[in-house]
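J.: One structure coming up, written as structure tokens, with questions to follow.
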Amino acid sequence: MLPNRLTPGDEIRVLAPSTSMAVIKGKQIENAVQCLESLGFNISFGKYVDEHDEFFSTSIKHRLIDLHDAFQDPNVKGILTAIGGYNVNQLLKNIDYNLIKNNPKILCGHGDITALQLAIYKKTGLITYSGPHFSTFGMKKTSAYTLQSFLEAVTNDAPFEIIPSNIWSDDKWYIEEEERQYLPNEYMIIQEGTAEGKLIGGNLSTINLLQGTEFLPSIEDSIFFIEDDEESHPLSFERNLQALLHLPQFDKVRGIMIGRFQKGSNMTESALRRIIESKYELRGIPIVANVNFGHTDPITTIPIGTKATLEVFTETVEVYIDQNEC
């Protein structure tokens with residue numbers, strides 16, 4: 001179920017289903033609003049986005065009220081999460097999935113929000129978007145790559161391609177642009193091949209929270225995309241990946257895309273290759289790493305549940321997404 005495309009004048013509601021928006025500096029909020037308004041959108045906020053407790057979140061009840069209000073409000077056409085966090089899975093049992101199914105809208109975010117996105121997709125079939133948070137737009141100058149990818153995914157019906165950015169940065173999203181350090185960017189080809197399938201994935205450690213629950217969608221015939229933040233080092237990434245490989249349907253996965261690691265994870269190219277090469281379950285499928293999704297900048301927007309084609313060869317990597325094929 002593909003939600004209606006966003007058009008100029010549409011209202012986007014900002015929610016905090018995980019960490020409170022209170023952790024975002026006022027200047028970044030102002031920048032994000034201005035950036036999104038410059039794209040033609042009107043921005044509103046959930047009633048409880050700034051409320052927080054000692055864990056910098058708020059009650060399940062209040063987060064659910066904001067989520068349900070956003071989907072129920074006919075004026076709201078899209079939803080952006082303020083930021084990620086650790087606890088959005090607290091909401092999953094109490095979400096009114098019929099309300100969401102009857103009021104399909106664009107929902108975009110990443111990281112911890114993966115649990116919410118996959119649960120909604122599993123329960124309703126609604127395509128959601130692994131992409132920028134509201135806070136992502138709060139940099140002094142949001143990357144043109146991030147903006148173009150977001151608009152391609154949420155305003156256009158045409159198929160589009162995920163291409164690598166020319167540069168990338170690991171600096172925090174709240175650092176002033178003049179202080180950001182950028183590095184050259186290119187894909188890391190691990191295994192060659194071609195694959196077609198539906199896009200399923202997000203944050204790896206969050207995906208594993210859903211194993212054995214009613215909220216994890218089928219991964220059969222999928223192109224699986226995974227990423228993790230700087231808290232994931234090579235040893236923890238390896239065991240989280242192995243846990244994913246234990247899923248009964250994993251032998252039906254058609255290809256793998258791995259998001260760029262933050263420098264703080266200490267993941268090296270040689271370590272990642274060793275990890276992948278040690279997994280017999282991954283033999284024979286195309287695998288590419290350093291794709292622009294996850295916790296570095298810039299970030300692409302990936303529709304969860306739509307059809308994609310992945311082609312990985314020595315000289316080229318191509319990822320085509322067709323949102324009209326789900």
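Ligands are numbered from 1 in the order shown, chains are lettered A, B, ... in the order of the structure tokens, and residues start at 1 in each chain.
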Could you give me, as a compact mmCIF listing (two decimals) with all heavy atoms, in the first residue's frame, the residues within 7 Å of segment 79-84 of chain A, counting only C-alpha atoms and dropping anything in the same chain fewer than 3 positions from it?
T.:
```txt
# COMPACT_ATOMS: atom_id res chain seq x y z
N ILE A 12 3.30 18.35 7.11
CA ILE A 12 4.10 17.26 7.66
C ILE A 12 4.10 17.40 9.18
O ILE A 12 4.44 18.46 9.71
CB ILE A 12 5.54 17.29 7.12
CG1 ILE A 12 5.56 17.03 5.61
CG2 ILE A 12 6.40 16.24 7.85
CD1 ILE A 12 6.95 17.10 4.98
N ARG A 13 3.72 16.34 9.87
CA ARG A 13 3.69 16.35 11.33
C ARG A 13 4.98 15.72 11.87
O ARG A 13 5.42 14.67 11.40
CB ARG A 13 2.47 15.54 11.81
CG ARG A 13 2.30 15.41 13.33
CD ARG A 13 1.94 16.70 13.99
NE ARG A 13 0.76 17.35 13.41
CZ ARG A 13 -0.51 17.04 13.73
NH1 ARG A 13 -0.76 16.10 14.63
NH2 ARG A 13 -1.50 17.70 13.16
N VAL A 14 5.59 16.38 12.82
CA VAL A 14 6.80 15.88 13.47
C VAL A 14 6.40 15.20 14.77
O VAL A 14 5.72 15.79 15.62
CB VAL A 14 7.79 17.02 13.75
CG1 VAL A 14 9.04 16.48 14.45
CG2 VAL A 14 8.17 17.72 12.45
N LEU A 15 6.83 13.94 14.94
CA LEU A 15 6.53 13.15 16.13
C LEU A 15 7.82 12.71 16.82
O LEU A 15 8.88 12.66 16.20
CB LEU A 15 5.73 11.90 15.76
CG LEU A 15 4.42 12.09 15.00
CD1 LEU A 15 3.76 10.73 14.78
CD2 LEU A 15 3.47 13.03 15.74
N ALA A 16 7.72 12.35 18.09
CA ALA A 16 8.86 11.83 18.85
C ALA A 16 8.47 10.49 19.47
O ALA A 16 8.30 10.38 20.68
CB ALA A 16 9.30 12.82 19.92
N SER A 18 10.23 7.93 19.87
CA SER A 18 11.37 7.34 20.56
C SER A 18 11.93 8.39 21.52
O SER A 18 11.33 8.68 22.54
CB SER A 18 12.42 6.86 19.55
OG SER A 18 13.45 6.16 20.17
N THR A 19 13.06 8.99 21.19
CA THR A 19 13.64 10.04 22.04
C THR A 19 12.90 11.37 21.83
O THR A 19 12.49 11.69 20.72
CB THR A 19 15.12 10.22 21.72
OG1 THR A 19 15.81 8.99 22.02
CG2 THR A 19 15.75 11.33 22.54
N MET A 21 12.02 15.31 21.34
CA MET A 21 12.62 16.38 20.55
C MET A 21 13.35 17.39 21.43
O MET A 21 14.08 18.25 20.93
CB MET A 21 11.54 17.09 19.73
CG MET A 21 12.08 17.90 18.56
SD MET A 21 10.81 18.60 17.48
CE MET A 21 10.18 19.91 18.54
N ILE A 106 2.75 8.90 4.51
CA ILE A 106 4.20 8.75 4.50
C ILE A 106 4.73 8.87 5.92
O ILE A 106 4.37 9.79 6.65
CB ILE A 106 4.83 9.79 3.57
CG1 ILE A 106 4.60 9.39 2.11
CG2 ILE A 106 6.32 9.98 3.86
CD1 ILE A 106 4.91 10.46 1.11
N LEU A 107 5.57 7.92 6.30
CA LEU A 107 6.27 7.95 7.59
C LEU A 107 7.74 7.74 7.32
O LEU A 107 8.13 6.74 6.71
CB LEU A 107 5.74 6.85 8.51
CG LEU A 107 6.56 6.57 9.79
CD1 LEU A 107 6.49 7.77 10.74
CD2 LEU A 107 6.06 5.32 10.49
N CYS A 108 8.58 8.69 7.76
CA CYS A 108 10.01 8.63 7.45
C CYS A 108 10.86 8.83 8.69
O CYS A 108 10.58 9.70 9.53
CB CYS A 108 10.34 9.71 6.41
SG CYS A 108 12.04 9.64 5.77
N GLY A 109 11.90 8.03 8.81
CA GLY A 109 12.87 8.10 9.90
C GLY A 109 13.81 6.91 9.78
O GLY A 109 13.71 6.12 8.83
N HIS A 110 14.74 6.75 10.71
CA HIS A 110 15.64 5.61 10.66
C HIS A 110 16.14 5.28 12.06
O HIS A 110 15.70 5.86 13.04
CB HIS A 110 16.81 5.87 9.71
CG HIS A 110 17.76 6.94 10.15
ND1 HIS A 110 17.56 8.28 9.90
CD2 HIS A 110 18.94 6.87 10.84
CE1 HIS A 110 18.55 8.99 10.40
NE2 HIS A 110 19.41 8.16 10.98
N GLY A 111 17.06 4.32 12.14
CA GLY A 111 17.60 3.91 13.43
C GLY A 111 16.57 3.14 14.23
O GLY A 111 15.99 2.16 13.77
N ASP A 112 16.30 3.59 15.45
CA ASP A 112 15.32 2.94 16.32
C ASP A 112 13.94 2.91 15.69
O ASP A 112 13.13 2.01 15.98
CB ASP A 112 15.27 3.67 17.67
CG ASP A 112 14.43 2.94 18.70
OD1 ASP A 112 14.65 1.74 18.91
OD2 ASP A 112 13.54 3.58 19.30
N ILE A 113 13.64 3.86 14.81
CA ILE A 113 12.33 3.94 14.17
C ILE A 113 12.09 2.71 13.28
O ILE A 113 10.96 2.41 12.91
CB ILE A 113 12.21 5.24 13.35
CG1 ILE A 113 12.54 6.45 14.24
CG2 ILE A 113 10.83 5.41 12.75
CD1 ILE A 113 11.68 6.58 15.49
N HIS A 133 15.46 11.88 9.54
CA HIS A 133 14.60 12.39 10.61
C HIS A 133 14.32 13.87 10.34
O HIS A 133 14.99 14.52 9.52
CB HIS A 133 15.31 12.30 11.97
CG HIS A 133 15.60 10.92 12.43
ND1 HIS A 133 14.63 9.96 12.64
CD2 HIS A 133 16.78 10.33 12.78
CE1 HIS A 133 15.18 8.85 13.09
NE2 HIS A 133 16.48 9.05 13.18
N PHE A 134 13.40 14.43 11.11
CA PHE A 134 13.23 15.89 11.12
C PHE A 134 14.54 16.56 11.47
O PHE A 134 14.93 17.56 10.85
CB PHE A 134 12.14 16.25 12.13
CG PHE A 134 12.02 17.72 12.41
CD1 PHE A 134 11.49 18.59 11.46
CD2 PHE A 134 12.45 18.24 13.63
CE1 PHE A 134 11.39 19.95 11.72
CE2 PHE A 134 12.35 19.60 13.89
CZ PHE A 134 11.82 20.46 12.94
N SER A 135 15.26 16.02 12.46
CA SER A 135 16.53 16.62 12.89
C SER A 135 17.58 16.61 11.79
O SER A 135 18.49 17.45 11.78
CB SER A 135 17.06 15.90 14.13
OG SER A 135 17.24 14.52 13.88
```
J.: Please identify every residue of segment 199-284 of chain A that has at least one atom no farther than 10 Å from an atom of segment 159-174 of chain A, counting only C-alpha atoms, and for each give the shortest atom pair and the distance in Å to one decimal, arranged by chain then increasing number, as JSON lines.
T.:
```
{"residue": "A:Glu230", "atom": "CA", "partner": "A:Asp170", "partner_atom": "CA", "distance": 9.9}
{"residue": "A:Arg260", "atom": "CA", "partner": "A:Trp168", "partner_atom": "CA", "distance": 9.4}
{"residue": "A:Phe261", "atom": "CA", "partner": "A:Asp170", "partner_atom": "CA", "distance": 8.8}
{"residue": "A:Gln262", "atom": "CA", "partner": "A:Asp170", "partner_atom": "CA", "distance": 6.0}
{"residue": "A:Lys263", "atom": "CA", "partner": "A:Asp170", "partner_atom": "CA", "distance": 6.9}
{"residue": "A:Gly264", "atom": "CA", "partner": "A:Asp170", "partner_atom": "CA", "distance": 8.8}
```
J.: Save out the residues we just selected, all heavy atoms, as a PDB file, in the first residue's frame.
T.:
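What follows is the written file out-v8.pdb:
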```pdb
ATOM      1  N   GLU A 230      27.495   3.951  15.801  1.00  0.00           N
ATOM      2  CA  GLU A 230      28.843   3.810  16.341  1.00  0.00           C
ATOM      3  C   GLU A 230      28.914   2.943  17.590  1.00  0.00           C
ATOM      4  O   GLU A 230      30.008   2.568  18.018  1.00  0.00           O
ATOM      5  CB  GLU A 230      29.439   5.187  16.630  1.00  0.00           C
ATOM      6  CG  GLU A 230      28.682   5.993  17.672  1.00  0.00           C
ATOM      7  CD  GLU A 230      29.220   7.403  17.807  1.00  0.00           C
ATOM      8  OE1 GLU A 230      30.193   7.735  17.104  1.00  0.00           O
ATOM      9  OE2 GLU A 230      28.676   8.179  18.612  1.00  0.00           O
ATOM     10  N   ARG A 260      26.810   2.745   5.454  1.00  0.00           N
ATOM     11  CA  ARG A 260      28.141   3.177   5.863  1.00  0.00           C
ATOM     12  C   ARG A 260      28.272   3.173   7.383  1.00  0.00           C
ATOM     13  O   ARG A 260      27.397   3.630   8.107  1.00  0.00           O
ATOM     14  CB  ARG A 260      28.437   4.586   5.344  1.00  0.00           C
ATOM     15  CG  ARG A 260      29.837   5.057   5.666  1.00  0.00           C
ATOM     16  CD  ARG A 260      30.072   6.446   5.120  1.00  0.00           C
ATOM     17  NE  ARG A 260      29.866   6.487   3.681  1.00  0.00           N
ATOM     18  CZ  ARG A 260      30.731   6.015   2.800  1.00  0.00           C
ATOM     19  NH1 ARG A 260      31.868   5.456   3.209  1.00  0.00           N
ATOM     20  NH2 ARG A 260      30.492   6.082   1.508  1.00  0.00           N
ATOM     21  N   PHE A 261      29.389   2.644   7.869  1.00  0.00           N
ATOM     22  CA  PHE A 261      29.670   2.625   9.305  1.00  0.00           C
ATOM     23  C   PHE A 261      30.249   3.959   9.754  1.00  0.00           C
ATOM     24  O   PHE A 261      31.024   4.598   9.033  1.00  0.00           O
ATOM     25  CB  PHE A 261      30.664   1.513   9.643  1.00  0.00           C
ATOM     26  CG  PHE A 261      30.086   0.134   9.569  1.00  0.00           C
ATOM     27  CD1 PHE A 261      30.122  -0.587   8.386  1.00  0.00           C
ATOM     28  CD2 PHE A 261      29.499  -0.443  10.684  1.00  0.00           C
ATOM     29  CE1 PHE A 261      29.589  -1.859   8.306  1.00  0.00           C
ATOM     30  CE2 PHE A 261      28.970  -1.723  10.615  1.00  0.00           C
ATOM     31  CZ  PHE A 261      29.004  -2.430   9.427  1.00  0.00           C
ATOM     32  N   GLN A 262      29.895   4.362  10.962  1.00  0.00           N
ATOM     33  CA  GLN A 262      30.541   5.516  11.572  1.00  0.00           C
ATOM     34  C   GLN A 262      31.959   5.147  11.993  1.00  0.00           C
ATOM     35  O   GLN A 262      32.252   3.992  12.325  1.00  0.00           O
ATOM     36  CB  GLN A 262      29.742   5.978  12.783  1.00  0.00           C
ATOM     37  CG  GLN A 262      28.391   6.579  12.441  1.00  0.00           C
ATOM     38  CD  GLN A 262      27.632   6.989  13.684  1.00  0.00           C
ATOM     39  OE1 GLN A 262      27.017   6.163  14.334  1.00  0.00           O
ATOM     40  NE2 GLN A 262      27.677   8.280  14.005  1.00  0.00           N
ATOM     41  N   LYS A 263      32.834   6.153  12.008  1.00  0.00           N
ATOM     42  CA  LYS A 263      34.225   5.887  12.375  1.00  0.00           C
ATOM     43  C   LYS A 263      34.340   5.357  13.796  1.00  0.00           C
ATOM     44  O   LYS A 263      35.221   4.557  14.099  1.00  0.00           O
ATOM     45  CB  LYS A 263      35.053   7.161  12.198  1.00  0.00           C
ATOM     46  CG  LYS A 263      35.280   7.549  10.733  1.00  0.00           C
ATOM     47  CD  LYS A 263      36.078   8.825  10.588  1.00  0.00           C
ATOM     48  CE  LYS A 263      35.258  10.043  10.911  1.00  0.00           C
ATOM     49  NZ  LYS A 263      35.957  11.316  10.613  1.00  0.00           N
ATOM     50  N   GLY A 264      33.425   5.792  14.663  1.00  0.00           N
ATOM     51  CA  GLY A 264      33.467   5.348  16.052  1.00  0.00           C
ATOM     52  C   GLY A 264      33.211   3.868  16.245  1.00  0.00           C
ATOM     53  O   GLY A 264      33.502   3.317  17.311  1.00  0.00           O
TER      54      GLY A 264
END
```
J.: What lies within 7 Å of segment 307-311 of chain A using only C-alpha atoms, ignoring chain neighbours under 4 positions off, as a PDB file with C-alpha atoms, in the first residue's frame?
T.:
```pdb
ATOM      1  CA  GLY A 193      25.811 -10.500  -8.825  1.00  0.00           C
ATOM      2  CA  THR A 194      22.300  -9.312  -9.603  1.00  0.00           C
ATOM      3  CA  ALA A 195      19.094  -9.579  -7.603  1.00  0.00           C
ATOM      4  CA  GLU A 196      15.482  -8.479  -7.632  1.00  0.00           C
ATOM      5  CA  GLY A 197      13.273  -8.327  -4.579  1.00  0.00           C
ATOM      6  CA  LYS A 198      11.349  -6.204  -2.119  1.00  0.00           C
ATOM      7  CA  LEU A 199      13.326  -3.855   0.107  1.00  0.00           C
ATOM      8  CA  VAL A 317      26.879  -0.842  -8.745  1.00  0.00           C
ATOM      9  CA  GLU A 318      23.292   0.029  -9.621  1.00  0.00           C
ATOM     10  CA  VAL A 319      20.246   0.073  -7.336  1.00  0.00           C
ATOM     11  CA  TYR A 320      16.887   0.776  -8.990  1.00  0.00           C
ATOM     12  CA  ILE A 321      13.700   1.256  -6.979  1.00  0.00           C
ATOM     13  CA  ASP A 322      10.175   1.069  -8.400  1.00  0.00           C
ATOM     14  CA  GLN A 323       7.568   2.134  -5.862  1.00  0.00           C
ATOM     15  CA  GLU A 325       5.904  -2.570  -7.721  1.00  0.00           C
ATOM     16  CA  CYS A 326       5.374  -3.736  -4.156  1.00  0.00           C
TER      17      CYS A 326
END
```
J.: What is the distance between atom CA of Gly255 of chain A and atom CA of Gly212 of chain A, in Å to one decimal?
T.: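 Separating atom CA of Gly255 of chain A from atom CA of Gly212 of chain A is a distance of 22.5 Å.
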J.: What is the distance, in Å and to one decimal place, between atom CA of Ala289 of chain A and atom CA of Gly305 of chain A?
T.: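 Atom CA of Gly305 of chain A lies at a distance of 20.2 Å from atom CA of Ala289 of chain A.
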J.: With distances taken over only C-alpha atoms, which of A:Arg254, A:His233, A:His68, A:Lys27 is nearest to Lys47 of chain A?
T.: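 Among the listed residues, A:His68 lies closest to Lys47 of chain A.
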J.: List the neighbours of Lys123 of chain A out to 9 Å using only C-alpha atoms; skip same-chain residues closer than 6 positions along the sequence, and give me the result as a PyMOL selection string.
T.: chain A and resi 97-98+101+214-215+217
J.: Considering only C-alpha atoms, state which residue in the set A:Ile60, A:Gln117, A:Asn89, A:Ile287 is at the smallest distance from Leu209 of chain A.
T.: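 Distance minimum relative to Leu209 of chain A lands on A:Asn89.
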J.: Got a sec: who's within 8 Å of Gly40 of chain A, counting only C-alpha atoms, leaving out chain neighbours fewer than 6 positions off, as an mmCIF file with all heavy atoms, in the first residue's frame?
T.:
```
data_model
loop_
_atom_site.group_PDB
_atom_site.id
_atom_site.type_symbol
_atom_site.label_atom_id
_atom_site.label_comp_id
_atom_site.auth_asym_id
_atom_site.auth_seq_id
_atom_site.Cartn_x
_atom_site.Cartn_y
_atom_site.Cartn_z
ATOM 1 N N THR A 7 2.870 16.843 -1.867
ATOM 2 C CA THR A 7 2.844 17.932 -2.835
ATOM 3 C C THR A 7 3.019 19.253 -2.094
ATOM 4 O O THR A 7 2.797 19.330 -0.875
ATOM 5 C CB THR A 7 1.522 17.950 -3.614
ATOM 6 O OG1 THR A 7 0.429 18.111 -2.692
ATOM 7 C CG2 THR A 7 1.324 16.657 -4.399
ATOM 8 N N PRO A 8 3.425 20.328 -2.797
ATOM 9 C CA PRO A 8 3.588 21.629 -2.139
ATOM 10 C C PRO A 8 2.321 22.050 -1.408
ATOM 11 O O PRO A 8 1.209 21.895 -1.921
ATOM 12 C CB PRO A 8 3.906 22.567 -3.307
ATOM 13 C CG PRO A 8 4.542 21.675 -4.330
ATOM 14 C CD PRO A 8 3.836 20.361 -4.214
ATOM 15 N N GLY A 9 2.505 22.564 -0.199
ATOM 16 C CA GLY A 9 1.388 22.962 0.635
ATOM 17 C C GLY A 9 0.947 21.908 1.622
ATOM 18 O O GLY A 9 0.163 22.192 2.538
ATOM 19 N N ASP A 10 1.429 20.667 1.468
ATOM 20 C CA ASP A 10 1.044 19.591 2.388
ATOM 21 C C ASP A 10 1.622 19.814 3.778
ATOM 22 O O ASP A 10 2.711 20.387 3.939
ATOM 23 C CB ASP A 10 1.522 18.238 1.857
ATOM 24 C CG ASP A 10 0.617 17.684 0.775
ATOM 25 O OD1 ASP A 10 -0.482 18.251 0.572
ATOM 26 O OD2 ASP A 10 1.004 16.690 0.130
#
```
J.: Identify, with DSSP run on backbone atoms, the residues in segment 16-100 of chain A assigned to strand (DSSP E or B), and express the list as a PyMOL selection string.
T.: chain A and resi 42-45+76-81
J.: Selected residues, N, CA and C atoms, written as a compact mmCIF listing (two decimals), in the first residue's frame, please.
T.:
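Result saved to selection.txt:
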```
# COMPACT_ATOMS: atom_id res chain seq x y z
N ASN A 42 4.28 22.53 4.97
CA ASN A 42 3.92 23.17 6.22
C ASN A 42 4.21 22.20 7.35
N ILE A 43 4.82 22.68 8.43
CA ILE A 43 5.29 21.81 9.51
C ILE A 43 4.45 22.03 10.77
N SER A 44 4.01 20.92 11.36
CA SER A 44 3.33 20.95 12.65
C SER A 44 3.99 19.94 13.56
N PHE A 45 3.68 20.01 14.85
CA PHE A 45 4.33 19.15 15.84
C PHE A 45 3.29 18.43 16.70
N VAL A 76 -2.94 16.19 7.85
CA VAL A 76 -1.56 15.70 7.87
C VAL A 76 -1.36 14.73 6.72
N LYS A 77 -0.38 15.00 5.87
CA LYS A 77 -0.12 14.16 4.71
C LYS A 77 1.15 13.33 4.85
N GLY A 78 2.04 13.76 5.75
CA GLY A 78 3.29 13.02 5.97
C GLY A 78 3.74 13.17 7.40
N ILE A 79 4.57 12.22 7.85
CA ILE A 79 5.06 12.20 9.23
C ILE A 79 6.57 12.02 9.22
N LEU A 80 7.27 12.90 9.94
CA LEU A 80 8.71 12.77 10.16
C LEU A 80 8.95 12.52 11.64
N THR A 81 9.82 11.58 11.95
CA THR A 81 10.21 11.39 13.35
C THR A 81 11.28 12.42 13.71
```
J.: Counting only C-alpha atoms, what is within 10 Å of segment 275-284 of chain A, bar same-chain residues fewer than 6 positions away, as a VMD selection string?
T.: chain A and resid 190 to 194 234 to 235 237 to 239 241 to 242 245 to 246 250 to 251 253 to 256 269
J.: List the neighbours of Pro248 of chain A out to 12 Å using only C-alpha atoms; skip same-chain residues closer than 4 positions along the sequence, and give me the result as a PDB file with N, CA and C atoms, in the first residue's frame.
T.:
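Once written, around.pdb looks like this:
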```
ATOM      1  N   GLN A 211      12.775 -10.261  16.261  1.00  0.00           N
ATOM      2  CA  GLN A 211      12.822 -11.694  15.993  1.00  0.00           C
ATOM      3  C   GLN A 211      11.920 -12.447  16.968  1.00  0.00           C
ATOM      4  N   GLY A 212      11.102 -13.364  16.431  1.00  0.00           N
ATOM      5  CA  GLY A 212      10.199 -14.152  17.253  1.00  0.00           C
ATOM      6  C   GLY A 212       8.929 -13.436  17.650  1.00  0.00           C
ATOM      7  N   SER A 218       7.983 -10.740   6.543  1.00  0.00           N
ATOM      8  CA  SER A 218       8.699 -11.776   5.814  1.00  0.00           C
ATOM      9  C   SER A 218       9.892 -11.187   5.081  1.00  0.00           C
ATOM     10  N   ILE A 219      10.994 -11.900   5.102  1.00  0.00           N
ATOM     11  CA  ILE A 219      12.175 -11.461   4.368  1.00  0.00           C
ATOM     12  C   ILE A 219      12.402 -12.312   3.113  1.00  0.00           C
ATOM     13  N   GLU A 220      11.446 -13.162   2.809  1.00  0.00           N
ATOM     14  CA  GLU A 220      11.558 -14.004   1.620  1.00  0.00           C
ATOM     15  C   GLU A 220      11.565 -13.140   0.366  1.00  0.00           C
ATOM     16  N   ALA A 243      22.733 -13.472  14.059  1.00  0.00           N
ATOM     17  CA  ALA A 243      21.370 -13.661  14.550  1.00  0.00           C
ATOM     18  C   ALA A 243      20.361 -13.491  13.424  1.00  0.00           C
ATOM     19  N   LEU A 244      20.604 -12.529  12.557  1.00  0.00           N
ATOM     20  CA  LEU A 244      19.735 -12.319  11.407  1.00  0.00           C
ATOM     21  C   LEU A 244      19.791 -13.519  10.459  1.00  0.00           C
ATOM     22  N   LYS A 252      16.180 -17.319   1.520  1.00  0.00           N
ATOM     23  CA  LYS A 252      15.413 -16.755   0.402  1.00  0.00           C
ATOM     24  C   LYS A 252      15.764 -15.284   0.153  1.00  0.00           C
ATOM     25  N   VAL A 253      16.678 -14.703   0.938  1.00  0.00           N
ATOM     26  CA  VAL A 253      17.130 -13.326   0.702  1.00  0.00           C
ATOM     27  C   VAL A 253      17.941 -13.280  -0.585  1.00  0.00           C
ATOM     28  N   GLU A 281      26.074 -18.619   4.719  1.00  0.00           N
ATOM     29  CA  GLU A 281      24.697 -18.281   4.353  1.00  0.00           C
ATOM     30  C   GLU A 281      24.630 -17.156   3.328  1.00  0.00           C
TER      31      GLU A 281
END
```
J.: Check the smallest atom-to-atom distance from each of A:Met139, A:Ile223, A:Leu64, A:Leu126 to Leu36 of chain A using only C-alpha atoms, then report the winner.
T.: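 With only C-alpha atoms as the atom set, the closest residue is A:Met139.
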J.: If I take atom CA of Thr268 of chain A and atom CA of Ser232 of chain A, how far is one from the other in Å, to one decimal?
T.: 12.4 Å
J.: As JSON, numbers by chain, please: all residues of segment 201-311 of chain A that backbone DSSP puts in helix (DSSP H, G or I).
T.: {"A": [204, 205, 206, 207, 208, 209, 234, 235, 236, 237, 238, 239, 240, 241, 242, 243, 244, 245, 250, 251, 252, 263, 264, 265, 269, 270, 271, 272, 273, 274, 275, 276, 277, 280, 281, 282]}
J.: When you count only C-alpha atoms, which of these residues is closest to Met1 of chain A: A:Ile100, A:Ala115, A:Val88, A:Val33?
T.: A:Ile100
J.: Using only C-alpha atoms, which of the listed residues (A:Lys122, A:His295, A:Leu39, A:Ile24) sits closest to Thr155 of chain A?
T.: A:Leu39
